[in-house]
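Q: Quick one: the structure is below, questions incoming.
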Amino acid sequence: MVEKVLNENEEKKSVSFVEQIVKDDLAEGRNGGRIQTRFPPEPNGYLHIGHAKAIAIDFGMARKYGGVCNLRFDDTNPVKEDTEYIENIEQDIKWLGYEWANVYYASDYFQQLWDFAVWLIKEGRAYVDEQSAEVIAQQKGTTTSPGTNSPYRDRSVEENLRLFEFMNSGQCEPGTLVLRAKINMAHPNMLFRDPLIYRVLNIPHVKTGSKWNAYPMYDFTHGQCDYLEGVTHSLCTLEFVEHRPLYDLFVTWMKEWRGETDNIEDNRPRQTEFNKLNLNYTLMSKRNLLALVNEGLVSGWDDPRMPTICGFRRRGYSPESIVKFIDKIGYTKIDALNDMALLESVVRDDLNSRAIRVSAVLDPVKVVITNYPEGQVEQLTAVNNPENTDDGTHAVEFSREIWIERDDFMEVAEKKFMRLAPGKEVRLKNAYIIKCDEEHPCDKDAEGRVTTIYCTYDPETRSGMPGADRKIKGKTLHWVSCAHAVKAEVRLYDRLWKVENPRDELAAIRDEQGCDAVTAMKKIINPDSLTVLTNCYVEPFAATMEPLSYLQFQRIGYFNVDTTSTPEHLVFNRTVGLKDTWKK
């Protein structure tokens, strides 16, 4: 019965245009009525939240419609690729809640792609060019004028085969020879003007070793790998719209090479493009993220200010919140700059239901409760999560001396100040009502800074007792017992960039000033993106939490335990505040 209700509700929910294409294809029996997708990252960096959008639809569509999604690493450029990236990509996908059916590599198909390229040469559809990259670019023409043929376009098949073999010999100098597809130098789509399909690198590959020195280009690899794997739906971002005709052409040629001319349109992948995930105050180019790491402008790929999936994980975002955000913004054909405030709103709602409530004081000042018995300690009870009673409770120690936030006290208070001040009462969370002494409210140091506040408590007002219902004008304050609190480091994170659209701003600075990317970054990076507080106190229960635990510091915000935290040196990261601060 429950399953039926869920299905009915799912049908009522509007679906994205991508999902509608999948549904229609399945209904029509296209590709045998099956769905197979793939997520094809290049292992040249860590995944960012933009990749999470692709992951969600690639794996999500296959999961929803009973299909298969494979993970395929696009390892065609050994210059930039590393096993470190492969391992972290796999970890990020699993953390987001997805599992692949198989792991493949583009390099798994290098021999087939090479054989296919040889066939193209024999068919007169590919040739080796020995012009420089600059000359080839000039010969391509413009969008309003046709290109000109390479003088090597009509080499003999035998010469092309010999040179192609030489390209992979290890003796060929990189940049001196390339293999190009022979299509049409006057084609209105610039990508059809004899595109490069192989280049020489002479660099060992992490998987294939020194077998290959000539490597296939992305456009010559992607579609063919999809086809050879049996992918039915190739889902990618909008910059690949112009590449789609070339994608289809190469797949058609490969089907011819394999002798499938009778069913040329059957069992072939369909490419569908959707908009990227762009966030304001965020830069998501892997090239620029790598520069931030290499220049030491952040602590690493998992720095909580980074838009990487591992950065969000370390900051305290849950995988569910990221997927919920992606579902909220949806998939369209129009690129947009999404508001970071919307992401934080989703994260805040998610953490409200899962975070354990604890007390922490970030800017402490001592309160002495003068009429509380010296040496006495009470074990009070605190609810772990009022949104989920199954999370239970924990004990909180209360004693004569406590820490409160410094800004919760004002010696000369304005009328609307509802916190602690001479003669005013406040309620301590899970504890008692206290009143600040009027005659001697506090002690100060030589600089006039308050060091100790003096109060009395009403013993009939402990939480849970009849007197706890007594009405007062003051607010409820959080606190920790001085004798039991554990010292901690708290890191407060803010936006990494000072400008809303750092990508465009970087480009403008570089054009105007002729500087490199790192110099431009330093001009717009936010110097206040990280504030480290080293004199904080947390209640003992918070000190028992494992790294990456989700917490709410009451009245302050949502935090998590940093991955570097130890019992000897506790470290907490602010994930997001209790309220939206972006508009300010």
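Note on naming: chains are A, B, ... as they come in the structure tokens, residues start from 1 per chain, ligands start from 1 in the order shown.
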Report as a tab-separated table: every residue of stretch 476-559 of chain A with an atom at most 6 Å from stretch 380-402 of chain A, its closest pair of atoms, and their distance in Å to one decimal, counting only C-alpha atoms, with rows sorted by chain and ascending residue number.

A:
residue	atom	partner	partner_atom	distance
A:Val480	CA	A:Ile402	CA	5.5
A:Ser481	CA	A:Ile402	CA	4.3
A:Cys482	CA	A:Ile402	CA	4.8

Q: Tell me which protein, DNA and RNA residues are within 9 Å of stretch 133-136 of chain A, counting only C-alpha atoms, leaving out same-chain ones fewer than 6 positions away, and put them as a list in words.

A: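 Here the qualifying residues turn out to be Ser150, Gly175 and Thr176 of chain A.
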
Q: Emit the selected residues as a JSON list (two decimals), in the first residue's frame, including all heavy atoms.

A:
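Okay, part.json is ready:
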[["chain", "number", "residue", "atom", "x", "y", "z"],
["A", 150, "SER", "N", 44.32, 21.69, -45.45],
["A", 150, "SER", "CA", 45.73, 21.47, -45.13],
["A", 150, "SER", "C", 46.44, 20.95, -46.38],
["A", 150, "SER", "O", 45.86, 20.17, -47.15],
["A", 150, "SER", "CB", 45.86, 20.45, -44.01],
["A", 150, "SER", "OG", 47.19, 19.96, -43.93],
["A", 175, "GLY", "N", 53.71, 17.62, -30.81],
["A", 175, "GLY", "CA", 53.37, 18.85, -31.50],
["A", 175, "GLY", "C", 53.76, 18.89, -32.96],
["A", 175, "GLY", "O", 53.37, 19.81, -33.68],
["A", 176, "THR", "N", 54.52, 17.88, -33.41],
["A", 176, "THR", "CA", 54.97, 17.89, -34.81],
["A", 176, "THR", "C", 54.00, 17.18, -35.75],
["A", 176, "THR", "O", 53.93, 17.50, -36.93],
["A", 176, "THR", "CB", 56.36, 17.26, -34.96],
["A", 176, "THR", "OG1", 56.31, 15.91, -34.46],
["A", 176, "THR", "CG2", 57.39, 18.05, -34.17]]

Q: Which residue is closest to A:Asn560? Choose from A:Ser529, A:Ser318, A:Thr261, A:Thr232 and count only C-alpha atoms.

A: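 Comparing A:Ser529, A:Ser318, A:Thr261, A:Thr232 against A:Asn560, the winner is A:Ser318.
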
Q: Name the residues in contact with A:Val18 at a cut-off of 12 Å, using only C-alpha atoms, excluding same-chain residues fewer than 4 positions from it; report them as a ChimeraX atom specification.

A: /A:14,22-25,54,57-58,60-61,233-237,270-275,330-333

Q: How would the residues just chosen look if you wrote them out with N, CA and C atoms as a compact mmCIF listing (two decimals), in the first residue's frame?

A:
# COMPACT_ATOMS: atom_id res chain seq x y z
N SER A 14 6.26 16.97 -11.13
CA SER A 14 6.73 17.29 -12.47
C SER A 14 8.16 16.80 -12.63
N VAL A 22 14.00 10.38 -21.11
CA VAL A 22 14.26 9.00 -20.69
C VAL A 22 12.96 8.20 -20.66
N LYS A 23 11.93 8.79 -20.06
CA LYS A 23 10.64 8.10 -19.96
C LYS A 23 10.08 7.79 -21.35
N ASP A 24 10.16 8.77 -22.25
CA ASP A 24 9.62 8.58 -23.60
C ASP A 24 10.40 7.49 -24.34
N ASP A 25 11.73 7.49 -24.20
CA ASP A 25 12.55 6.48 -24.87
C ASP A 25 12.22 5.09 -24.36
N ALA A 54 25.77 16.48 -12.05
CA ALA A 54 25.87 15.43 -13.08
C ALA A 54 25.75 14.05 -12.45
N ILE A 57 22.06 13.14 -11.67
CA ILE A 57 21.18 12.76 -12.77
C ILE A 57 21.67 11.49 -13.45
N ASP A 58 22.98 11.31 -13.57
CA ASP A 58 23.50 10.08 -14.20
C ASP A 58 23.11 8.85 -13.39
N GLY A 60 21.04 8.90 -10.73
CA GLY A 60 19.63 8.97 -10.31
C GLY A 60 18.68 8.42 -11.35
N MET A 61 18.90 8.75 -12.64
CA MET A 61 18.02 8.25 -13.69
C MET A 61 18.11 6.73 -13.80
N HIS A 233 21.94 6.75 -22.82
CA HIS A 233 21.71 8.18 -22.63
C HIS A 233 22.99 8.84 -22.11
N SER A 234 23.56 9.67 -22.96
CA SER A 234 24.77 10.42 -22.61
C SER A 234 24.32 11.79 -22.13
N LEU A 235 24.34 12.01 -20.82
CA LEU A 235 23.85 13.25 -20.23
C LEU A 235 25.04 14.14 -19.91
N CYS A 236 25.04 15.37 -20.43
CA CYS A 236 26.19 16.25 -20.25
C CYS A 236 25.72 17.70 -20.21
N THR A 237 26.64 18.61 -19.97
CA THR A 237 26.27 20.02 -19.80
C THR A 237 26.25 20.76 -21.14
N ARG A 270 22.10 8.44 -26.96
CA ARG A 270 21.52 9.75 -27.27
C ARG A 270 22.12 10.77 -26.31
N GLN A 271 22.73 11.81 -26.86
CA GLN A 271 23.30 12.87 -26.02
C GLN A 271 22.24 13.92 -25.72
N THR A 272 22.11 14.27 -24.45
CA THR A 272 21.17 15.30 -24.01
C THR A 272 21.91 16.24 -23.07
N GLU A 273 21.77 17.54 -23.29
CA GLU A 273 22.52 18.53 -22.52
C GLU A 273 21.62 19.27 -21.54
N PHE A 274 22.18 19.59 -20.38
CA PHE A 274 21.46 20.38 -19.36
C PHE A 274 22.40 21.46 -18.82
N ASN A 275 21.84 22.40 -18.07
CA ASN A 275 22.63 23.53 -17.58
C ASN A 275 23.56 23.13 -16.44
N GLY A 330 16.85 22.05 -10.12
CA GLY A 330 16.40 21.35 -11.31
C GLY A 330 17.37 21.40 -12.48
N TYR A 331 16.90 20.87 -13.61
CA TYR A 331 17.69 20.77 -14.84
C TYR A 331 16.95 21.49 -15.95
N THR A 332 17.62 22.46 -16.58
CA THR A 332 16.99 23.23 -17.66
C THR A 332 17.99 23.38 -18.81
N LYS A 333 17.57 24.12 -19.82
CA LYS A 333 18.44 24.41 -20.96
C LYS A 333 19.03 25.82 -20.85

Q: Set the distance at 12 Å and use only C-alpha atoms: which residues neighbour A:Phe250 once local chain neighbours fewer than 4 positions away are removed? I'd like the list as a PyMOL selection string.

A: chain A and resi 113+116-117+120+125-126+181-183+192+195+197+218-227+243-246+254-257+264+268-269

Q: Rounded to one decimal in Å, what is the spacing between atom CA of A:Met410 and atom CA of A:Val538?

A: 22.6 Å

Q: Give me the residues within 9 Å of A:Thr451 as a list in words, counting only C-alpha atoms and dropping any in the same chain fewer than 2 places off.

A: Val365, Lys366, Val367, Cys442, Asp443, Lys444, Asp445, Gly448, Arg449 and Ile453 of chain A

Q: Using N, CA and C atoms, can you write the selected residues to a file as a PDB file, in the first residue's frame?

A:
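File written: result-v9.pdb
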ATOM      1  N   VAL A 365      33.077  34.681  28.948  1.00  0.00           N
ATOM      2  CA  VAL A 365      33.272  35.492  30.134  1.00  0.00           C
ATOM      3  C   VAL A 365      32.668  34.707  31.300  1.00  0.00           C
ATOM      4  N   LYS A 366      33.317  34.776  32.452  1.00  0.00           N
ATOM      5  CA  LYS A 366      32.912  33.941  33.583  1.00  0.00           C
ATOM      6  C   LYS A 366      31.755  34.565  34.351  1.00  0.00           C
ATOM      7  N   VAL A 367      30.825  33.703  34.774  1.00  0.00           N
ATOM      8  CA  VAL A 367      29.733  34.082  35.673  1.00  0.00           C
ATOM      9  C   VAL A 367      29.883  33.283  36.967  1.00  0.00           C
ATOM     10  N   CYS A 442      29.999  43.175  38.198  1.00  0.00           N
ATOM     11  CA  CYS A 442      31.132  42.552  37.507  1.00  0.00           C
ATOM     12  C   CYS A 442      32.462  43.091  37.995  1.00  0.00           C
ATOM     13  N   ASP A 443      33.527  42.357  37.680  1.00  0.00           N
ATOM     14  CA  ASP A 443      34.907  42.795  37.846  1.00  0.00           C
ATOM     15  C   ASP A 443      35.491  43.069  36.472  1.00  0.00           C
ATOM     16  N   LYS A 444      36.481  43.976  36.429  1.00  0.00           N
ATOM     17  CA  LYS A 444      37.134  44.308  35.169  1.00  0.00           C
ATOM     18  C   LYS A 444      38.641  44.281  35.337  1.00  0.00           C
ATOM     19  N   ASP A 445      39.346  44.134  34.212  1.00  0.00           N
ATOM     20  CA  ASP A 445      40.806  44.197  34.263  1.00  0.00           C
ATOM     21  C   ASP A 445      41.264  45.636  34.089  1.00  0.00           C
ATOM     22  N   GLY A 448      39.697  47.728  31.444  1.00  0.00           N
ATOM     23  CA  GLY A 448      38.256  47.938  31.514  1.00  0.00           C
ATOM     24  C   GLY A 448      37.439  46.823  30.911  1.00  0.00           C
ATOM     25  N   ARG A 449      38.067  45.716  30.608  1.00  0.00           N
ATOM     26  CA  ARG A 449      37.370  44.566  30.033  1.00  0.00           C
ATOM     27  C   ARG A 449      36.793  43.711  31.150  1.00  0.00           C
ATOM     28  N   ILE A 453      31.369  38.122  36.048  1.00  0.00           N
ATOM     29  CA  ILE A 453      30.016  38.648  36.297  1.00  0.00           C
ATOM     30  C   ILE A 453      29.464  37.931  37.519  1.00  0.00           C
TER      31      ILE A 453
END
